[in-house]
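*Asks:* Okay, here's the structure, questions in a sec.
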Amino acid sequence: MFEDFLIKWFEPYLDFDYFKSVNLYGDELAQLAKKNLNAKSIGLKLKAHVGEFGDADSIQETVEILELNVVQHGITEVKSKSVMSFLRKKNNIQLNICPTSNYMLSRVDSIKKHPIRKLFYNGIKVTVNTDDFIVFQKGVSEEFLLLYEHEVFSAKELDIIRMNGLI
């Protein structure tokens, strides 16, 4: 299995005390197969891309099994009150949201109706991010400005979200 090869190749580099997190990405439905890398045991934060294309239950399942600190995307969580409640109770779980990417990949109908507002309103710790500058041509500052210009958030709310990203 290719994933086993990558894990075996990568593990020796973890001893250098250089990395602060491990970010799992790829096919969201294959995230659980990557559990073999036990990043938490050496103090790394663990992130995974889940909940942009998968359903809300896949977010909770991935967080529980992989013991994630951070969810990259996670916007489908808004479709389940129980999953939102689960993540709210685990307030150390952060969702890194990429509004332009979500819109351009047709995961949301518009920036104005982006689910980041509902997540924030429901007490979920969110940050604003950019997915890939070359593809989506937006930096983090532009993402913040986009949410402000589309009246998704006030300046005060965006400052709270900015602070979430610094913690």
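The way I read the labels, and the way they are meant: chains A, B, ... in the order of the structure tokens, residue 1 as the first residue of every chain, and ligand 1 as the first ligand shown, with later ones counted on from there.
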Region 86-110 of chain A near region 55-78 of chain A within 10 Å: what's each residue's closest atom pair and its distance in Å to one decimal, counting only C-alpha atoms, ordered by chain then ascending residue number, as a tab-separated table?
*Replies:*
residue	atom	partner	partner_atom	distance
A:Phe86	CA	A:Gln60	CA	7.4
A:Leu87	CA	A:Gln60	CA	7.7
A:Lys90	CA	A:Asn69	CA	9.5
A:Asn91	CA	A:Asn69	CA	9.7
A:Asn92	CA	A:Asn69	CA	6.6
A:Ile93	CA	A:Asn69	CA	5.0
A:Gln94	CA	A:Val70	CA	4.7
A:Leu95	CA	A:Val71	CA	4.8
A:Asn96	CA	A:Gln72	CA	4.9
A:Ile97	CA	A:His73	CA	4.8
A:Cys98	CA	A:His73	CA	6.6
A:Pro99	CA	A:His73	CA	9.1
A:Ser101	CA	A:His73	CA	9.6
A:Asn102	CA	A:His73	CA	8.3
A:Arg107	CA	A:Ile75	CA	8.5
A:Val108	CA	A:Ile75	CA	9.0
*Asks:* Extract, using only C-alpha atoms, all DNA, RNA and protein residues at most 8 Å from Leu119 (chain A), discarding same-chain residues fewer than 5 positions from it, and format them as a list in words.
*Replies:*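 Skipping anything fewer than 5 positions along the chain leaves Val78, Met84, Ile124, Lys125 and Val126 of chain A.
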*Asks:* If I take CA of Leu46 (chain A) and CA of Val83 (chain A), how far is one from the other in Å, to one decimal?
*Replies:*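 Answer for the CA of Leu46 (chain A) to CA of Val83 (chain A) separation: 19.1 Å.
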*Asks:* I'd like the contact shell of Arg117 (chain A) - 12 Å cut-off, only C-alpha atoms, skipping same-chain residues fewer than 4 positions apart - returned as a list in words.
*Replies:*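 Result of the neighbour search: Ile75, Val78, Ile97, Pro99, Ile111, Lys112, Lys113, Tyr121, Asn122, Gly123, Ile124, Lys125, Val126, Thr127, Val128, Leu147, Tyr148, His150, Glu151, Val152, Phe153, Ser154, Glu157, Leu158 and Ile161 of chain A.
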*Asks:* Could you tell me how far CA of Ala48 (chain A) lies from CA of Ser82 (chain A), in Å and to one decimal?
*Replies:* 20.2 Å
*Asks:* Write out as a VMD selection string which residues come within 12 Å of Lys138 (chain A) when counting only C-alpha atoms, dropping same-chain ones fewer than 3 positions away.
*Replies:* chain A and resid 98 to 101 104 128 to 135 141 to 146
